[in-house]
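Q: Handing over run.txt, compact mmCIF, C-alpha atoms.
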```txt
# COMPACT_ATOMS: atom_id res chain seq x y z
CA MET A 1 0.00 0.00 0.00
CA SER A 2 1.34 3.41 -0.85
CA VAL A 3 1.78 6.08 1.77
CA ASP A 4 1.73 9.74 0.80
CA LEU A 5 4.56 11.91 2.07
CA THR A 6 2.38 14.07 4.23
CA PHE A 7 3.00 14.26 7.95
CA LEU A 8 1.86 16.22 10.95
CA ALA A 9 4.74 17.62 12.99
CA ASP A 10 3.78 19.75 15.97
CA GLY A 11 0.53 20.71 14.30
CA HIS A 12 2.34 21.70 11.11
CA ARG A 13 1.62 19.89 7.92
CA VAL A 14 4.71 18.68 6.08
CA ASN A 15 4.07 17.81 2.45
CA ILE A 16 6.37 16.57 -0.27
CA ARG A 17 5.02 17.15 -3.75
CA THR A 18 5.83 16.80 -7.39
CA ALA A 19 4.30 18.90 -10.17
CA ALA A 20 4.36 19.40 -13.92
CA ILE A 21 4.98 22.66 -15.74
CA ILE A 22 3.17 21.99 -19.03
CA LYS A 23 3.36 24.96 -21.38
CA HIS A 24 2.06 25.35 -24.89
CA GLU A 25 1.91 28.43 -27.12
CA GLY A 26 2.15 30.86 -24.23
CA TYR A 27 -0.34 28.99 -22.05
CA ILE A 28 0.23 26.86 -18.97
CA LEU A 29 -1.90 23.94 -17.77
CA CYS A 30 -3.56 24.68 -14.43
CA ASP A 31 -5.65 22.55 -12.11
CA ASN A 32 -8.54 23.83 -10.01
CA GLU A 33 -10.48 21.80 -7.47
CA VAL A 34 -14.13 22.69 -8.08
CA GLY A 35 -15.42 24.84 -5.27
CA THR A 36 -12.03 26.27 -4.33
CA GLU A 37 -10.57 29.58 -5.41
CA PHE A 38 -6.97 28.52 -5.93
CA SER A 39 -5.24 26.87 -8.87
CA PHE A 40 -2.25 24.57 -8.84
CA LEU A 41 -0.06 22.93 -11.39
CA PRO A 42 -0.99 19.32 -12.08
CA GLY A 43 0.74 16.91 -9.72
CA GLY A 44 0.45 15.62 -6.21
CA ARG A 45 2.12 14.08 -3.25
CA ILE A 46 5.09 11.80 -3.58
CA SER A 47 4.56 8.36 -2.05
CA ARG A 48 7.02 6.75 0.28
CA GLY A 49 9.71 4.83 -1.58
CA GLU A 50 8.97 6.68 -4.80
CA ASN A 51 11.17 9.36 -6.33
CA SER A 52 9.77 12.64 -7.60
CA ALA A 53 9.99 11.61 -11.27
CA GLU A 54 8.17 8.32 -10.64
CA ALA A 55 5.57 10.20 -8.63
CA LEU A 56 4.99 12.60 -11.49
CA ILE A 57 4.54 9.75 -13.98
CA ARG A 58 1.94 8.20 -11.66
CA GLU A 59 0.14 11.46 -11.00
CA MET A 60 -0.07 12.33 -14.70
CA ARG A 61 -1.61 8.91 -15.36
CA GLU A 62 -4.10 9.32 -12.54
CA GLU A 63 -5.05 12.92 -13.17
CA LEU A 64 -4.72 13.36 -16.91
CA GLY A 65 -4.55 9.82 -18.26
CA VAL A 66 -1.31 10.64 -20.09
CA GLU A 67 2.21 9.26 -20.16
CA VAL A 68 5.07 11.64 -19.42
CA LYS A 69 8.84 11.23 -19.24
CA PRO A 70 10.15 13.71 -16.70
CA LYS A 71 13.90 14.30 -16.96
CA ARG A 72 15.06 16.55 -14.15
CA PRO A 73 13.26 19.01 -11.93
CA LEU A 74 13.74 22.61 -13.04
CA ILE A 75 12.50 24.24 -9.86
CA ILE A 76 12.81 22.85 -6.35
CA THR A 77 11.20 24.74 -3.51
CA GLU A 78 10.97 24.70 0.23
CA SER A 79 7.83 26.66 1.11
CA PHE A 80 6.27 27.85 4.32
CA PHE A 81 2.69 29.08 4.18
CA ASP A 82 -0.67 29.05 5.94
CA GLY A 83 -3.52 27.03 4.52
CA VAL A 84 -7.14 28.14 4.36
CA GLN A 85 -7.97 26.41 7.63
CA ASN A 86 -5.16 28.10 9.49
CA GLU A 87 -2.97 25.06 9.14
CA ARG A 88 0.70 25.89 8.67
CA PHE A 89 2.44 24.14 5.83
CA HIS A 90 6.06 23.17 5.29
CA GLU A 91 6.33 21.89 1.77
CA LEU A 92 9.05 20.49 -0.45
CA ALA A 93 8.15 20.58 -4.13
CA PHE A 94 9.79 19.37 -7.32
CA TYR A 95 8.64 21.03 -10.53
CA TYR A 96 9.39 19.28 -13.81
CA VAL A 97 8.95 20.75 -17.27
CA VAL A 98 6.90 18.32 -19.31
CA PRO A 99 6.06 18.72 -23.02
CA LYS A 100 2.36 18.89 -23.81
CA PRO A 101 1.12 15.30 -24.09
CA ALA A 102 -0.34 14.79 -27.59
CA ALA A 103 -3.48 13.23 -26.11
CA LEU A 104 -4.28 16.36 -24.13
CA PRO A 105 -6.43 18.78 -26.15
CA PHE A 106 -5.24 22.39 -26.45
CA THR A 107 -8.40 24.38 -25.89
CA PRO A 108 -7.39 27.68 -24.28
CA ASN A 109 -9.76 29.23 -21.77
CA GLU A 110 -12.07 26.30 -21.43
CA ILE A 111 -11.94 23.12 -19.39
CA CYS A 112 -9.83 20.64 -21.34
CA HIS A 113 -10.00 17.76 -18.88
CA SER A 114 -11.61 16.87 -15.59
CA HIS A 115 -10.92 14.21 -13.04
CA VAL A 116 -12.64 12.97 -9.90
CA GLU A 117 -10.63 11.71 -6.96
CA ASN A 118 -11.83 10.98 -3.43
CA GLY A 119 -15.11 12.74 -4.14
CA ALA A 120 -13.50 15.97 -5.33
CA GLU A 121 -13.63 17.17 -8.91
CA TYR A 122 -10.55 18.69 -10.52
CA GLN A 123 -10.79 20.76 -13.67
CA PHE A 124 -7.80 21.38 -15.90
CA SER A 125 -7.55 24.38 -18.17
CA TRP A 126 -4.94 26.16 -20.26
CA GLN A 127 -4.29 29.57 -18.79
CA GLU A 128 -2.46 32.39 -20.49
CA ALA A 129 0.97 32.53 -18.87
CA SER A 130 0.92 36.20 -17.89
CA LEU A 131 1.30 37.76 -14.47
CA THR A 132 -2.18 39.27 -14.65
CA ASN A 133 -3.84 36.02 -15.60
CA LEU A 134 -1.94 33.78 -13.19
CA ARG A 135 -2.88 36.19 -10.43
CA ARG A 136 -6.50 36.13 -11.62
CA VAL A 137 -6.72 32.33 -11.42
CA ARG A 138 -4.79 32.44 -8.13
CA LEU A 139 -2.17 29.96 -9.16
CA GLU A 140 -0.11 28.84 -6.18
CA PRO A 141 2.62 29.52 -5.31
CA VAL A 142 2.42 33.15 -6.35
CA ALA A 143 6.16 33.53 -5.76
CA LEU A 144 6.84 31.33 -8.79
CA HIS A 145 4.63 33.08 -11.36
CA GLN A 146 7.55 34.82 -13.02
CA GLN A 147 9.48 31.53 -13.18
CA PHE A 148 6.51 29.75 -14.74
CA ILE A 149 6.23 32.50 -17.39
CA ASP A 150 9.94 32.72 -18.22
CA LEU A 151 11.32 29.31 -17.38
CA PRO A 152 14.78 29.39 -15.85
CA THR A 153 17.53 27.99 -18.07
CA GLU A 154 19.23 26.10 -15.24
CA PRO A 155 17.67 24.29 -12.26
CA VAL A 156 16.84 26.67 -9.43
CA HIS A 157 16.13 26.21 -5.75
CA PHE A 158 13.97 28.66 -3.82
CA VAL A 159 12.95 29.08 -0.23
CA ILE A 160 9.51 30.69 -0.20
CA ASN A 161 8.54 32.08 3.14
CA GLU A 162 4.99 33.42 3.33
CA VAL A 163 4.76 33.30 7.11
CA ASP A 164 6.31 35.56 9.73
CA MET B 165 11.69 21.68 17.65
CA THR B 166 10.61 18.72 15.62
CA ASN B 167 12.91 17.07 13.15
CA LEU B 168 11.62 16.21 9.70
CA THR B 169 11.90 12.50 10.37
CA PHE B 170 8.91 10.28 10.02
CA ASP B 171 9.07 6.63 11.00
CA GLU B 172 6.66 3.85 10.31
CA ASP B 173 7.76 0.32 11.08
CA HIS B 174 11.21 -0.05 9.54
CA LYS B 175 10.70 2.77 7.06
CA ARG B 176 11.98 6.27 7.61
CA VAL B 177 11.40 9.46 5.66
CA ASN B 178 14.05 12.02 6.45
CA VAL B 179 15.03 15.53 5.37
CA ARG B 180 18.67 16.28 5.99
CA CYS B 181 21.21 18.97 5.26
CA ALA B 182 24.96 18.50 5.16
CA GLY B 183 28.04 20.59 4.62
CA ILE B 184 30.66 19.88 1.97
CA ILE B 185 33.76 21.38 3.54
CA ARG B 186 36.83 20.96 1.34
CA ARG B 187 40.42 21.96 1.74
CA GLU B 188 43.52 21.02 -0.27
CA GLY B 189 42.09 17.87 -1.81
CA HIS B 190 40.35 16.76 1.37
CA VAL B 191 36.82 16.84 2.69
CA LEU B 192 35.78 17.08 6.33
CA ILE B 193 33.88 14.05 7.61
CA VAL B 194 32.49 13.22 11.02
CA ARG B 195 32.07 10.06 13.07
CA GLU B 196 29.52 9.66 15.87
CA ASP B 197 30.91 7.83 18.90
CA ASP B 198 32.60 4.70 17.54
CA ASP B 199 30.31 4.11 14.56
CA ASP B 200 31.80 2.04 11.76
CA PHE B 201 30.75 4.66 9.21
CA VAL B 202 31.17 8.39 8.78
CA TYR B 203 29.11 11.09 7.15
CA LEU B 204 29.34 14.70 6.09
CA PRO B 205 28.73 17.11 8.97
CA GLY B 206 25.10 18.21 9.20
CA GLY B 207 21.79 16.94 10.48
CA ARG B 208 18.10 16.83 10.16
CA VAL B 209 16.11 19.79 8.96
CA GLN B 210 13.47 20.86 11.45
CA ARG B 211 9.85 21.62 10.91
CA GLY B 212 9.40 25.25 9.84
CA GLU B 213 13.07 25.57 8.95
CA SER B 214 14.58 25.76 5.46
CA SER B 215 17.62 23.72 4.54
CA VAL B 216 19.60 26.97 4.39
CA GLU B 217 18.66 27.84 7.96
CA ALA B 218 19.35 24.24 8.95
CA ILE B 219 22.89 24.23 7.54
CA HIS B 220 23.73 27.41 9.44
CA ARG B 221 22.36 25.91 12.66
CA GLU B 222 24.07 22.54 12.23
CA MET B 223 27.48 24.04 11.45
CA ASP B 224 27.13 26.15 14.56
CA GLU B 225 26.05 23.23 16.76
CA GLU B 226 28.56 20.68 15.49
CA LEU B 227 31.58 22.80 14.61
CA ASN B 228 30.90 26.02 16.46
CA ALA B 229 31.19 27.69 13.06
CA GLN B 230 29.26 30.76 11.97
CA ILE B 231 29.20 30.18 8.26
CA GLU B 232 28.58 32.61 5.43
CA ALA B 233 26.98 32.08 2.05
CA PRO B 234 26.63 28.29 1.89
CA GLN B 235 26.28 27.20 -1.75
CA LEU B 236 23.77 24.51 -2.62
CA ARG B 237 25.54 21.79 -4.66
CA TYR B 238 23.30 18.72 -4.53
CA ILE B 239 19.72 17.86 -3.82
CA VAL B 240 19.55 14.10 -3.55
CA GLU B 241 16.52 11.89 -3.35
CA ASN B 242 18.27 9.01 -1.72
CA PHE B 243 17.05 5.52 -0.88
CA PHE B 244 19.29 3.47 1.41
CA TRP B 245 19.46 1.20 4.46
CA ARG B 246 20.84 2.38 7.79
CA TYR B 247 20.14 1.85 11.50
CA GLU B 248 17.97 -1.17 10.58
CA LYS B 249 15.74 1.13 8.58
CA GLN B 250 14.84 1.68 4.96
CA PHE B 251 15.52 5.37 4.39
CA HIS B 252 13.78 7.67 1.94
CA GLU B 253 15.88 10.76 2.38
CA PHE B 254 15.85 14.21 0.86
CA GLY B 255 19.38 15.53 1.22
CA PHE B 256 20.41 19.15 0.72
CA TYR B 257 24.21 19.43 0.40
CA TYR B 258 25.82 22.82 0.76
CA GLU B 259 29.39 23.75 0.03
CA VAL B 260 30.68 25.54 3.09
CA GLU B 261 33.96 27.34 3.55
CA ALA B 262 36.37 25.59 5.91
CA PRO B 263 36.06 27.15 9.38
CA LYS B 264 39.34 28.81 10.27
CA HIS B 265 39.46 27.31 13.75
CA VAL B 266 39.31 23.72 12.50
CA PRO B 267 42.95 22.70 12.02
CA PHE B 268 44.01 21.03 8.80
CA GLN B 269 45.64 17.84 10.08
CA PRO B 270 44.85 14.97 7.72
CA GLY B 271 45.29 11.52 9.24
CA GLU B 272 44.16 12.40 12.73
CA ILE B 273 41.11 13.68 14.51
CA CYS B 274 41.28 17.42 13.98
CA TYR B 275 38.26 18.52 15.97
CA ARG B 276 35.82 17.12 18.51
CA GLY B 277 32.30 18.17 19.22
CA GLU B 278 29.18 16.90 20.87
CA ASP B 279 25.63 16.50 19.68
CA ASP B 280 22.73 15.01 21.64
CA GLY B 281 25.16 13.38 24.04
CA LYS B 282 27.15 11.78 21.25
CA THR B 283 30.81 12.47 20.65
CA LEU B 284 31.59 13.82 17.21
CA SER B 285 35.07 13.27 15.80
CA PHE B 286 36.02 15.20 12.69
CA GLU B 287 38.68 14.20 10.19
CA TRP B 288 40.01 15.44 6.88
CA VAL B 289 39.92 12.65 4.30
CA PRO B 290 41.10 12.83 0.67
CA TYR B 291 37.96 13.38 -1.39
CA THR B 292 38.65 10.54 -3.83
CA ALA B 293 36.07 7.75 -4.08
CA ASN B 294 38.65 5.23 -2.85
CA ALA B 295 39.46 7.15 0.30
CA LEU B 296 35.78 7.83 1.01
CA CYS B 297 34.99 4.12 0.54
CA ALA B 298 37.83 3.25 2.89
CA VAL B 299 36.33 5.35 5.69
CA ASN B 300 32.83 4.03 4.84
CA LEU B 301 31.21 7.37 4.05
CA HIS B 302 27.41 7.32 4.11
CA PRO B 303 25.28 7.87 2.16
CA LEU B 304 27.16 6.01 -0.56
CA SER B 305 25.93 8.49 -3.16
CA MET B 306 28.32 11.09 -1.80
CA ARG B 307 31.51 9.06 -2.27
CA THR B 308 31.84 9.92 -5.93
CA ARG B 309 30.50 13.44 -5.69
CA MET B 310 33.06 15.27 -3.57
CA MET B 311 35.90 15.76 -6.03
CA ALA B 312 34.13 17.78 -8.71
CA LEU B 313 31.25 19.89 -7.49
CA PRO B 314 28.65 21.10 -9.98
CA GLN B 315 28.28 24.71 -10.98
CA GLY B 316 25.05 25.74 -9.36
CA PHE B 317 23.44 22.60 -8.02
CA GLU B 318 22.58 19.18 -9.32
CA HIS B 319 19.51 17.15 -8.49
CA CYS B 320 19.91 13.39 -8.42
CA THR B 321 18.01 10.31 -7.44
CA VAL B 322 20.13 7.51 -6.02
CA THR B 323 19.01 4.11 -4.81
CA ASP B 324 21.77 2.29 -2.96
CA ALA B 325 22.27 -1.43 -3.49
CA ASP B 326 21.39 -2.11 0.15
CA TYR B 327 17.99 -0.39 0.02
CA TRP B 328 16.08 -3.49 -1.06
CA GLU B 329 18.19 -6.32 0.34
CA PRO B 330 20.11 -5.11 3.36
CA ALA B 331 20.87 -8.65 4.53
CA ASN B 332 22.95 -9.34 1.44
CA VAL B 333 25.19 -6.35 1.79
CA GLY B 334 28.18 -6.50 4.09
```
Could the structure of this file be written out as structure tokens, please?
A:
Amino acid sequence: MSVDLTFLADGHRVNIRTAAIIKHEGYILCDNEVGTEFSFLPGGRISRGENSAEALIREMREELGVEVKPKRPLIITESFFDGVQNERFHELAFYYVVPKPAALPFTPNEICHSHVENGAEYQFSWQEASLTNLRRVRLEPVALHQQFIDLPTEPVHFVINEVD
Amino acid sequence: MTNLTFDEDHKRVNVRCAGIIRREGHVLIVREDDDDFVYLPGGRVQRGESSVEAIHREMDEELNAQIEAPQLRYIVENFFWRYEKQFHEFGFYYEVEAPKHVPFQPGEICYRGEDDGKTLSFEWVPYTANALCAVNLHPLSMRTRMMALPQGFEHCTVTDADYWEPANVG
């Protein structure tokens, strides 16, 4: 049985995630859980015993029904932030650049795919990769918007501190 | 503070930072008590703490060193066997300038410290793979990565031979 890398430590939630930066013609694929106001990049928690690339392959199968071949993470973050229910998060995240899977339709500004998991519905859409638009769809983490728009040429590591 | 170490049965998830301290073809390693293996100085990252903050804290605690501008060189997703546990470790390795007060005396213990009641003995060892094998440096992934450090940092995923079948590995 697989165990997600999510742990409670002193009331803080520690999460270890993997995510895909999928860009196409100036757009970026975003994921919104229906009923919530935030967007995320497709991806999810790494399971114990699984590396971040394997986790991404699994998540892309589960969420989008596509096969990807992640090479190396382009952005690695350590983030500290507060969740909506006042829970404090400490998150490690690995962001891989993934070419647009051929099977995934490119239909800007409308829902191109949806997926139900544990009773929640997730809608995927291509969003214009501009600061204004990423702010509008509340893509998290905000601190990486500029990186998502102009991808770094070499791997980068960031500490993102959104708490005091 | 709470360390980012999560155990379940014989499986451990761990977030660790370590310092790569090099001088004249050598790297500084540390032994806890009379362990039969050594590692790079450092320790577990704590909850709410970044690896950068952690490396500053650990260098202070272990070596009494107030370091400046540590440079991230490796982020390793590492799977290995140690302390009777199957480790899934996220390692952040920072190049750190050699503290001036740690004498350069290869071949002998150059510095002693203490951590959690354990004696720490530091030594300078040539940073070749052979020499690091000879002193049994853990994790194994670091034995071949001390001589040439990447520009910027490198991310790697390394599964040691002993991760799956610890009983078969000396």
Q: Please identify all polymer residues within 7 Å of Tyr238 in chain B, counting only C-alpha atoms, omitting same-chain residues fewer than 3 positions from it, and present them as a ChimeraX atom specification.
A: /B:256-257,317-319
Q: Which residues are near Glu50 in chain A? Cut-off 10 Å, all atoms listed in the file, ignore same chain within fewer than 5 positions. Put them as number ranges by chain.
A: A: 2-5, 55-56, 58; B: 241, 243, 252
Q: I'd like a table as a Markdown table: residues in chain A with an atom no more than 10 Å from chain B, each row giving the shortest atom pair and its distance in Å to one decimal, only C-alpha atoms counted, sorted by chain and rising residue number.
A:
```
| residue | atom | partner | partner_atom | distance |
| --- | --- | --- | --- | --- |
| A:Leu5 | CA | B:Val177 | CA | 8.1 |
| A:Thr6 | CA | B:Phe170 | CA | 9.5 |
| A:Phe7 | CA | B:Phe170 | CA | 7.4 |
| A:Leu8 | CA | B:Phe170 | CA | 9.3 |
| A:Ala9 | CA | B:Thr166 | CA | 6.5 |
| A:Asp10 | CA | B:Thr166 | CA | 6.9 |
| A:Gly11 | CA | B:Arg211 | CA | 10.0 |
| A:His12 | CA | B:Arg211 | CA | 7.5 |
| A:Arg13 | CA | B:Arg211 | CA | 8.9 |
| A:Val14 | CA | B:Arg211 | CA | 7.6 |
| A:Ile16 | CA | B:Phe254 | CA | 9.8 |
| A:Arg48 | CA | B:His252 | CA | 7.0 |
| A:Gly49 | CA | B:His252 | CA | 6.1 |
| A:Glu50 | CA | B:His252 | CA | 8.3 |
| A:Asn51 | CA | B:Glu241 | CA | 6.6 |
| A:Ser52 | CA | B:Glu241 | CA | 8.0 |
| A:Ala53 | CA | B:Thr321 | CA | 9.0 |
| A:Arg72 | CA | B:His319 | CA | 7.2 |
| A:Pro73 | CA | B:His319 | CA | 7.4 |
| A:Leu74 | CA | B:His319 | CA | 9.2 |
| A:Ile76 | CA | B:Ile239 | CA | 8.9 |
| A:Thr77 | CA | B:Ser214 | CA | 9.6 |
| A:Glu78 | CA | B:Ser214 | CA | 6.4 |
| A:Ser79 | CA | B:Ser214 | CA | 8.1 |
| A:Phe80 | CA | B:Gly212 | CA | 6.9 |
| A:Phe81 | CA | B:Gly212 | CA | 9.6 |
| A:Arg88 | CA | B:Gly212 | CA | 8.8 |
| A:Phe89 | CA | B:Gly212 | CA | 8.1 |
| A:His90 | CA | B:Gly212 | CA | 6.0 |
| A:Glu91 | CA | B:Gly212 | CA | 9.3 |
| A:Leu92 | CA | B:Phe254 | CA | 9.3 |
| A:Glu154 | CA | B:Gly316 | CA | 8.3 |
| A:Pro155 | CA | B:Phe317 | CA | 7.4 |
| A:Val156 | CA | B:Phe317 | CA | 7.9 |
| A:His157 | CA | B:Leu236 | CA | 8.4 |
| A:Phe158 | CA | B:Ser214 | CA | 9.7 |
| A:Val159 | CA | B:Ser214 | CA | 6.8 |
| A:Ile160 | CA | B:Ser214 | CA | 9.1 |
| A:Asn161 | CA | B:Ser214 | CA | 9.0 |
| A:Val163 | CA | B:Gly212 | CA | 9.7 |
```
Q: Write out as JSON, numbers by chain each polymer residue whose atoms come within 9 Å of Met310 in chain B, counting all atoms listed in the file; drop sequence neighbours fewer than 3 positions from it.
A: {"B": [184, 186, 190, 191, 291, 292, 293, 306, 307, 313]}
Q: If you keep C-alpha atoms, can you produce a file of those selected residues as a compact mmCIF listing (two decimals), in the coordinates of the input?
A:
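To be explicit, this is the file written out as again.txt:
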```txt
# COMPACT_ATOMS: atom_id res chain seq x y z
CA ILE B 184 30.66 19.88 1.97
CA ARG B 186 36.83 20.96 1.34
CA HIS B 190 40.35 16.76 1.37
CA VAL B 191 36.82 16.84 2.69
CA TYR B 291 37.96 13.38 -1.39
CA THR B 292 38.65 10.54 -3.83
CA ALA B 293 36.07 7.75 -4.08
CA MET B 306 28.32 11.09 -1.80
CA ARG B 307 31.51 9.06 -2.27
CA LEU B 313 31.25 19.89 -7.49
```
Q: Which distance in Å separates CA of Val194 in chain B and CA of Lys282 in chain B, to one decimal?
A: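 Separation of CA of Val194 in chain B and CA of Lys282 in chain B: 11.6 Å.
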Q: Let me know the centre plus edge lengths, in Å and rounded to one decimal, of a box with edges along x, y and z that contains all listed atoms of range 88-102 of chain A and is padded by 6 Å on every side, as AutoDock Vina command-line options.
A:
```
--center_x 4.7 --center_y 20.3 --center_z -9.5 --size_x 22.1 --size_y 23.1 --size_z 48.3
```
